[in-house]
Each structure stands twice: as structure tokens, then as C-alpha cells.
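Chemist: Below you will find the structure I want to go over with you.
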Amino acid sequence: MIIEDNTQMKQKPNRIFSQTFWQSLLWKQNHYHQHGVLLHTPRVAYYVLKYKEFRMLPAALLHDVGKPFVAYQKPEDVVRKEYSFTDHEEQSYQIIKNWSFVSTYTKDLVRWHYLSRDIKKHKTKEPKRYKEKTAIWMSLD
């Protein structure tokens, strides 16, 4: 599915049996992540363990669980054979938010793990989104 501007148009989540779901899960994300979500996730967990940040381990394992559901291709992604994942952190949060065995700390890390990058990315590009994300950042303790 190709969507030119996913921030303006909400797309339906990818179905679990879709090609986009499986390609982003197993093989390719984008130029920021050389591996699919399934390999990227244990690599993040490895670094959490390496630096003894044990409290962050559940978030490391769950932070990108929503990516295959929101994967889509912008025109430039088609050329590079990669995907974009706008608001993947929110989708990941929506999946885990009612899981009673996951702490609020973990849910918050999952929900906001992309926030600082999103703020920087949208400062000049999308002022409205920048304001919204900055307000969220300022509300965090």
C-alpha cells in the first residue's frame, strides 16, 4: 500500500497475513534500521543487558511490536525498497496498554521512545505536529 502522507491520512493497520507486515517484520525496515523488526528487537535487548539497564528490558522487547501493523511505503520508500512507520510507537502502546503484566513504566517507554526524534524531525517540517509532540514531552516526569 502506498500512501503519500501518512500523517494526514490514517491508514488501516496491515493485516497479519499481508506482505507488508511480513517484509517489515522479517527483512527490511528503512535506512535507519538495516534489519527487520524481528532481528532489531533482540539487538536492542542485547544492549539493554550489556549496559545493565534491566528495568528497560521489557520495553526493549515491546518497543516496536506495532511496526509491522503500520508499515507503509512513501514514493521514495518504493525506490529504496524500504518502509516508513509513522506513529509506530503509539500503535505499539495501543497493543500493550491493557496488558496487566506490563508495568506503567514499560508502557510509557514504549509509547514515547520515538518522541525526542519526532520533535526534532518536525520542528520546521510540520509545526503543528512539533507543538503536539513538544507538549507531550513537557508533560513527562
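Ligands are numbered from 1 in the order shown, chains are lettered A, B, ... in the order of the C-alpha cells, and residues start at 1 in each chain.
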Write out as a tab-separated table the residues of region 48-104 of chain A that have any atom within 9 Å of an atom of region 40-44 of chain A, one row each with the nearest atom pair and its distance in Å to one decimal, counting only C-alpha atoms, sorted by chain and then rising number.
Modeler:
```
residue	atom	partner	partner_atom	distance
A:Val48	CA	A:Val44	CA	6.4
A:Leu49	CA	A:Val44	CA	8.8
A:Leu57	CA	A:Val44	CA	8.8
A:Ala60	CA	A:Val44	CA	5.9
A:Leu61	CA	A:Thr41	CA	5.8
A:Leu62	CA	A:Thr41	CA	7.9
A:His63	CA	A:Thr41	CA	8.0
A:Asp64	CA	A:Thr41	CA	7.3
A:Val65	CA	A:Thr41	CA	8.8
```
Chemist: What lies within 8 Å of region 23-28 of chain A using only C-alpha atoms, ignoring chain neighbours under 2 positions off, as an NGL selection string?
Modeler: :A and (19-21 or 30 or 33-39 or 67-68 or 71 or 82-83)
Chemist: With distances taken over only C-alpha atoms, which of A:Phe17, A:Arg55, A:Asp87, A:Lys12 is nearest to Thr106 (chain A)?
Modeler: A:Arg55
Chemist: How many Å separate CA of Glu90 (chain A) from CA of Thr134 (chain A)?
Modeler: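 Value for the CA of Glu90 (chain A)-CA of Thr134 (chain A) distance: 15.5 Å.
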Chemist: Using only C-alpha atoms, can you tell me which of A:Tyr32, A:Arg129, A:Tyr47, A:Ala59 comes closest to Tyr105 (chain A)?
Modeler: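 Closest to Tyr105 (chain A) of all the choices is A:Ala59.
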Chemist: Taking into account only C-alpha atoms, which residue in the set A:Ser139, A:Trp22, A:Pro13, A:Met56 is nearest to Ser92 (chain A)?
Modeler: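 Using only C-alpha atoms, Ser92 (chain A) sits closest to A:Pro13.
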Chemist: Write out as a PyMOL selection string all residues of region 72-105 of chain A that DSSP puts in helix (DSSP H, G or I) for this structure's backbone.
Modeler: chain A and resi 75-80+88-96+104-105
Chemist: Just the residues within 10 Å of Ile119 (chain A), please, counting only C-alpha atoms, with nothing from its chain fewer than 6 positions along; format it as a list in words.
Modeler: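 My reading of the contact set: Glu126, Pro127, Arg129, Tyr130, Lys131, Glu132, Lys133, Thr134, Ala135, Ile136 and Trp137 of chain A.
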Chemist: Dump N, CA and C atoms for the selected residues as a compact mmCIF listing (two decimals), in the first residue's frame?
Modeler:
```
# COMPACT_ATOMS: atom_id res chain seq x y z
N GLU A 126 6.78 20.20 10.09
CA GLU A 126 5.36 20.17 10.45
C GLU A 126 5.17 20.84 11.82
N PRO A 127 5.02 22.17 11.83
CA PRO A 127 4.93 22.90 13.10
C PRO A 127 3.81 22.42 14.03
N ARG A 129 2.51 19.35 14.33
CA ARG A 129 2.94 18.09 14.94
C ARG A 129 4.06 18.36 15.95
N TYR A 130 4.96 19.27 15.63
CA TYR A 130 6.03 19.65 16.54
C TYR A 130 5.45 20.16 17.86
N LYS A 131 4.46 21.02 17.80
CA LYS A 131 3.83 21.56 19.00
C LYS A 131 3.17 20.46 19.83
N GLU A 132 2.46 19.56 19.15
CA GLU A 132 1.79 18.47 19.86
C GLU A 132 2.80 17.58 20.57
N LYS A 133 3.87 17.21 19.88
CA LYS A 133 4.87 16.32 20.46
C LYS A 133 5.66 17.01 21.56
N THR A 134 5.93 18.31 21.40
CA THR A 134 6.62 19.07 22.44
C THR A 134 5.78 19.16 23.70
N ALA A 135 4.49 19.34 23.55
CA ALA A 135 3.58 19.39 24.71
C ALA A 135 3.61 18.05 25.46
N ILE A 136 3.64 16.95 24.73
CA ILE A 136 3.73 15.63 25.36
C ILE A 136 5.05 15.53 26.13
N TRP A 137 6.15 15.93 25.48
CA TRP A 137 7.46 15.85 26.11
C TRP A 137 7.49 16.66 27.42
```
Chemist: Of the residues A:Lys123, A:His31, A:Lys128, A:Ser100, which is the one nearest to Glu76 (chain A), using only C-alpha atoms?
Modeler: A:His31
